[in-house]
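J.: Please find one structure pasted underneath; my questions will follow.
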Amino acid sequence: MGKASRDKGKRGEREAAAQIALHWGAIGARRAQQFAGVNTGTADLVGVDGLSVEVKRYARIACLDWLEQAELSGTPGTVPVVLFREDCSTEWTVMLRVHDVPEFARRIVGMLKEATPSVDAA
């Protein structure tokens with residue numbers, strides 16, 4: 001990997017850490033290599049407890065067209081989300097924008113609470 005590519009990756013990791021800090025409140029998010037010297041099996045970002053964050057930055061990511069479609073077809077106030085999987089896999093993946101994650105989480109928690117039967121204390 002060339003120096004320009006490595007530098008682009010480092011910039012992407014710093015940008016991603018800043019977005020996570022801004023939108024998720026993970027103020028300790030930072031590049032792993034910046035502090036460890038050598039990336040030895042750690043995720044790209046540290047300081048986001050319980051998450052393994054891999055950062056990718058490309059000139060063009062075709063699947064973002066799907067997210068734009070969800071944004072255009074959604075009604076105001078909805079969170080645009082894309083679910084996708086490869087034909088040869090049974091594992092589904094979710095994609096949404098970083099700034100939409102807090103609202104997505106609130107709505108998922110609400111759905112989970114509604115789906116869980118309540119037990120009367122009486």
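Labeling convention for the structure tokens: chains A, B, ... as they appear, residues from 1 per chain, ligands from 1 in order of appearance.
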If we count only C-alpha atoms and set the cut-off at 12 Å, which residues sit around Ser52 (chain A), ignoring sequence neighbours fewer than 4 positions away in its own chain? Please answer as a list in words.

T.: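 Counting only the stated atoms, we get Ala29, Ala32, Gly41, Thr42, Ala43, Asp44, Leu45, Val46, Gly47 and Val48 of chain A.
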
J.: Please save all heavy atoms of the selected residues as a PDB file, in the first residue's frame.

T.:
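Generated output (out.pdb):
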ATOM      1  N   ALA A  29     -13.447   8.455  21.029  1.00  0.00           N
ATOM      2  CA  ALA A  29     -13.161   7.771  19.765  1.00  0.00           C
ATOM      3  C   ALA A  29     -11.910   8.355  19.121  1.00  0.00           C
ATOM      4  O   ALA A  29     -11.750   9.565  19.032  1.00  0.00           O
ATOM      5  CB  ALA A  29     -14.353   7.890  18.821  1.00  0.00           C
ATOM      6  N   ALA A  32      -6.864   3.815  16.245  1.00  0.00           N
ATOM      7  CA  ALA A  32      -6.150   2.841  17.070  1.00  0.00           C
ATOM      8  C   ALA A  32      -4.647   2.938  16.856  1.00  0.00           C
ATOM      9  O   ALA A  32      -3.884   2.959  17.805  1.00  0.00           O
ATOM     10  CB  ALA A  32      -6.636   1.427  16.765  1.00  0.00           C
ATOM     11  N   GLY A  41      -4.281  -6.399  15.298  1.00  0.00           N
ATOM     12  CA  GLY A  41      -5.565  -7.058  15.479  1.00  0.00           C
ATOM     13  C   GLY A  41      -6.638  -6.193  16.105  1.00  0.00           C
ATOM     14  O   GLY A  41      -7.708  -6.680  16.423  1.00  0.00           O
ATOM     15  N   THR A  42      -6.376  -4.906  16.302  1.00  0.00           N
ATOM     16  CA  THR A  42      -7.395  -4.034  16.868  1.00  0.00           C
ATOM     17  C   THR A  42      -8.229  -3.444  15.739  1.00  0.00           C
ATOM     18  O   THR A  42      -7.818  -3.413  14.593  1.00  0.00           O
ATOM     19  CB  THR A  42      -6.763  -2.880  17.679  1.00  0.00           C
ATOM     20  OG1 THR A  42      -5.926  -2.115  16.800  1.00  0.00           O
ATOM     21  CG2 THR A  42      -5.959  -3.405  18.840  1.00  0.00           C
ATOM     22  N   ALA A  43      -9.406  -2.957  16.083  1.00  0.00           N
ATOM     23  CA  ALA A  43     -10.248  -2.275  15.114  1.00  0.00           C
ATOM     24  C   ALA A  43      -9.585  -0.954  14.724  1.00  0.00           C
ATOM     25  O   ALA A  43      -8.633  -0.512  15.366  1.00  0.00           O
ATOM     26  CB  ALA A  43     -11.625  -2.034  15.717  1.00  0.00           C
ATOM     27  N   ASP A  44     -10.100  -0.316  13.688  1.00  0.00           N
ATOM     28  CA  ASP A  44      -9.523   0.956  13.243  1.00  0.00           C
ATOM     29  C   ASP A  44      -9.694   2.063  14.273  1.00  0.00           C
ATOM     30  O   ASP A  44      -8.859   2.947  14.382  1.00  0.00           O
ATOM     31  CB  ASP A  44     -10.161   1.404  11.926  1.00  0.00           C
ATOM     32  CG  ASP A  44      -9.706   0.571  10.740  1.00  0.00           C
ATOM     33  OD1 ASP A  44      -8.679  -0.127  10.849  1.00  0.00           O
ATOM     34  OD2 ASP A  44     -10.379   0.622   9.698  1.00  0.00           O
ATOM     35  N   LEU A  45     -10.824   2.010  15.016  1.00  0.00           N
ATOM     36  CA  LEU A  45     -11.085   3.029  16.026  1.00  0.00           C
ATOM     37  C   LEU A  45     -11.175   2.398  17.398  1.00  0.00           C
ATOM     38  O   LEU A  45     -11.690   1.294  17.546  1.00  0.00           O
ATOM     39  CB  LEU A  45     -12.396   3.774  15.729  1.00  0.00           C
ATOM     40  CG  LEU A  45     -12.498   4.491  14.399  1.00  0.00           C
ATOM     41  CD1 LEU A  45     -13.839   5.221  14.296  1.00  0.00           C
ATOM     42  CD2 LEU A  45     -11.352   5.461  14.180  1.00  0.00           C
ATOM     43  N   VAL A  46     -10.665   3.104  18.385  1.00  0.00           N
ATOM     44  CA  VAL A  46     -10.802   2.700  19.781  1.00  0.00           C
ATOM     45  C   VAL A  46     -11.560   3.809  20.507  1.00  0.00           C
ATOM     46  O   VAL A  46     -11.779   4.885  19.962  1.00  0.00           O
ATOM     47  CB  VAL A  46      -9.428   2.430  20.451  1.00  0.00           C
ATOM     48  CG1 VAL A  46      -8.721   1.259  19.788  1.00  0.00           C
ATOM     49  CG2 VAL A  46      -8.548   3.670  20.414  1.00  0.00           C
ATOM     50  N   GLY A  47     -11.970   3.523  21.738  1.00  0.00           N
ATOM     51  CA  GLY A  47     -12.701   4.512  22.508  1.00  0.00           C
ATOM     52  C   GLY A  47     -14.198   4.463  22.262  1.00  0.00           C
ATOM     53  O   GLY A  47     -14.915   5.397  22.594  1.00  0.00           O
ATOM     54  N   VAL A  48     -14.654   3.385  21.645  1.00  0.00           N
ATOM     55  CA  VAL A  48     -16.086   3.163  21.406  1.00  0.00           C
ATOM     56  C   VAL A  48     -16.427   1.802  22.014  1.00  0.00           C
ATOM     57  O   VAL A  48     -16.497   0.797  21.329  1.00  0.00           O
ATOM     58  CB  VAL A  48     -16.451   3.251  19.908  1.00  0.00           C
ATOM     59  CG1 VAL A  48     -16.475   4.676  19.433  1.00  0.00           C
ATOM     60  CG2 VAL A  48     -15.468   2.448  19.056  1.00  0.00           C
TER      61      VAL A  48
END

J.: Can I get the residues of region 4-61 of chain A within 8 Å of region 86-107 of chain A, each with the closest pair of atoms and their distance in Å to one decimal, using only C-alpha atoms, sorted chain first then ascending number, as a tab-separated table?

T.:
residue	atom	partner	partner_atom	distance
A:Gln19	CA	A:Val98	CA	7.1
A:Ile20	CA	A:Val98	CA	7.1
A:His23	CA	A:His99	CA	5.5
A:Trp24	CA	A:Pro102	CA	6.6

J.: Limited to N, CA and C atoms, could you put the picked residues into a file as a short mmCIF file (atom, residue, chain, number, x, y, z; two decimals), in the first residue's frame?

T.:
data_model
loop_
_atom_site.label_atom_id
_atom_site.label_comp_id
_atom_site.auth_asym_id
_atom_site.auth_seq_id
_atom_site.Cartn_x
_atom_site.Cartn_y
_atom_site.Cartn_z
N GLN A 19 -16.96 12.04 13.60
CA GLN A 19 -18.40 11.88 13.39
C GLN A 19 -19.03 11.05 14.51
N ILE A 20 -18.36 10.00 14.93
CA ILE A 20 -18.87 9.17 16.02
C ILE A 20 -18.91 9.98 17.32
N HIS A 23 -21.95 12.57 16.81
CA HIS A 23 -23.32 12.05 16.73
C HIS A 23 -23.65 10.97 17.75
N TRP A 24 -22.66 10.27 18.25
CA TRP A 24 -22.91 9.16 19.18
C TRP A 24 -22.46 9.49 20.60
#

J.: One decimal, in Å: what's the spacing between CA of Leu22 (chain A) and CA of Lys113 (chain A)?

T.: 27.0 Å

J.: Of the candidates A:Ile27, A:Ile108, A:Val55, A:Ala62, which one gets nearest to Gly12 (chain A) if we count only C-alpha atoms?

T.: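 Smallest distance to Gly12 (chain A) is found for A:Val55.
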
J.: Quick one: pull the distance between CA of Gln69 (chain A) and CA of Val81 (chain A), Å, one decimal.

T.: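 Calculated distance between CA of Gln69 (chain A) and CA of Val81 (chain A) is 9.7 Å.
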
J.: I'd like to know which residues of chain A are strand (DSSP E) (by DSSP, run on the backbone); could you write them as a list in words?

T.: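 So the strand (DSSP E) residues in chain A would be Arg30, Arg31, Leu45, Val46, Val82, Leu83, Phe84, Thr93, Val94 and Met95 of chain A.
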
J.: Export, as a PDB file, in the first residue's frame, the selected residues with N, CA and C atoms.

T.:
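And here is the file that came out, out-v5.pdb:
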ATOM      1  N   ARG A  30     -11.011   7.462  18.687  1.00  0.00           N
ATOM      2  CA  ARG A  30      -9.771   7.892  18.035  1.00  0.00           C
ATOM      3  C   ARG A  30      -9.195   6.732  17.232  1.00  0.00           C
ATOM      4  N   ARG A  31      -8.242   7.046  16.380  1.00  0.00           N
ATOM      5  CA  ARG A  31      -7.561   6.030  15.578  1.00  0.00           C
ATOM      6  C   ARG A  31      -6.785   5.093  16.497  1.00  0.00           C
ATOM      7  N   LEU A  45     -10.824   2.010  15.016  1.00  0.00           N
ATOM      8  CA  LEU A  45     -11.085   3.029  16.026  1.00  0.00           C
ATOM      9  C   LEU A  45     -11.175   2.398  17.398  1.00  0.00           C
ATOM     10  N   VAL A  46     -10.665   3.104  18.385  1.00  0.00           N
ATOM     11  CA  VAL A  46     -10.802   2.700  19.781  1.00  0.00           C
ATOM     12  C   VAL A  46     -11.560   3.809  20.507  1.00  0.00           C
ATOM     13  N   VAL A  82     -31.230   0.634   5.075  1.00  0.00           N
ATOM     14  CA  VAL A  82     -31.142  -0.373   4.015  1.00  0.00           C
ATOM     15  C   VAL A  82     -30.748  -1.696   4.655  1.00  0.00           C
ATOM     16  N   LEU A  83     -31.483  -2.740   4.348  1.00  0.00           N
ATOM     17  CA  LEU A  83     -31.118  -4.106   4.732  1.00  0.00           C
ATOM     18  C   LEU A  83     -30.671  -4.820   3.467  1.00  0.00           C
ATOM     19  N   PHE A  84     -29.528  -5.494   3.521  1.00  0.00           N
ATOM     20  CA  PHE A  84     -29.059  -6.195   2.332  1.00  0.00           C
ATOM     21  C   PHE A  84     -28.282  -7.437   2.719  1.00  0.00           C
ATOM     22  N   THR A  93     -27.420  -7.462   6.635  1.00  0.00           N
ATOM     23  CA  THR A  93     -26.636  -6.331   7.128  1.00  0.00           C
ATOM     24  C   THR A  93     -27.502  -5.083   7.043  1.00  0.00           C
ATOM     25  N   VAL A  94     -27.311  -4.183   7.995  1.00  0.00           N
ATOM     26  CA  VAL A  94     -28.061  -2.926   8.001  1.00  0.00           C
ATOM     27  C   VAL A  94     -27.107  -1.773   7.690  1.00  0.00           C
ATOM     28  N   MET A  95     -27.604  -0.808   6.914  1.00  0.00           N
ATOM     29  CA  MET A  95     -26.804   0.364   6.577  1.00  0.00           C
ATOM     30  C   MET A  95     -27.648   1.611   6.830  1.00  0.00           C
TER      31      MET A  95
END

J.: Mind listing the helix (DSSP H, G or I) residues of chain A, per DSSP on the backbone, as a ChimeraX atom specification?

T.: /A:3-24,33-36,64-73,98-115

J.: Suppose we keep C-alpha atoms; can you now write the selection as a compact mmCIF listing (two decimals), in the first residue's frame?

T.:
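Result file is result32.txt:
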# COMPACT_ATOMS: atom_id res chain seq x y z
CA LYS A 3 1.89 6.39 1.24
CA ALA A 4 -0.97 8.33 -0.38
CA SER A 5 -3.34 5.43 0.25
CA ARG A 6 -2.20 5.08 3.87
CA ASP A 7 -2.60 8.83 4.41
CA LYS A 8 -6.11 8.72 2.92
CA GLY A 9 -6.97 5.86 5.29
CA LYS A 10 -5.66 7.80 8.29
CA ARG A 11 -7.70 10.86 7.28
CA GLY A 12 -10.79 8.67 6.90
CA GLU A 13 -10.27 7.16 10.35
CA ARG A 14 -9.89 10.61 11.92
CA GLU A 15 -13.02 11.85 10.11
CA ALA A 16 -15.00 8.78 11.22
CA ALA A 17 -13.86 9.19 14.83
CA ALA A 18 -14.97 12.84 14.77
CA GLN A 19 -18.40 11.88 13.39
CA ILE A 20 -18.87 9.17 16.02
CA ALA A 21 -17.88 11.62 18.75
CA LEU A 22 -20.28 14.24 17.40
CA HIS A 23 -23.32 12.05 16.73
CA TRP A 24 -22.91 9.16 19.18
CA GLN A 33 -2.76 3.02 15.33
CA GLN A 34 -2.22 6.57 16.42
CA PHE A 35 -1.76 5.32 19.99
CA ALA A 36 -0.64 1.71 19.54
CA LEU A 64 -24.98 4.20 -1.21
CA ASP A 65 -27.43 4.46 -4.12
CA TRP A 66 -29.69 2.16 -2.08
CA LEU A 67 -29.49 4.47 0.92
CA GLU A 68 -30.30 7.48 -1.24
CA GLN A 69 -33.33 5.56 -2.54
CA ALA A 70 -34.46 4.93 1.06
CA GLU A 71 -34.01 8.64 1.81
CA LEU A 72 -36.06 9.67 -1.23
CA SER A 73 -38.85 7.12 -0.71
CA VAL A 98 -23.93 7.94 11.23
CA HIS A 99 -26.08 10.95 12.14
CA ASP A 100 -29.23 8.76 11.99
CA VAL A 101 -27.91 6.13 14.45
CA PRO A 102 -29.19 7.78 17.68
CA GLU A 103 -32.75 8.06 16.35
CA PHE A 104 -32.53 4.56 14.84
CA ALA A 105 -31.46 3.22 18.25
CA ARG A 106 -34.35 4.99 20.02
CA ARG A 107 -36.84 3.53 17.58
CA ILE A 108 -35.38 0.02 17.80
CA VAL A 109 -35.47 0.14 21.61
CA GLY A 110 -39.09 1.28 21.41
CA MET A 111 -39.98 -1.62 19.10
CA LEU A 112 -38.20 -4.10 21.35
CA LYS A 113 -40.07 -2.80 24.40
CA GLU A 114 -43.39 -3.15 22.56
CA ALA A 115 -42.52 -6.69 21.45

J.: Can you tell me how far CA of Val79 (chain A) sits from CA of Ala59 (chain A), in Å to one decimal?

T.: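 Taking CA of Val79 (chain A) and CA of Ala59 (chain A), their separation equals 25.1 Å.
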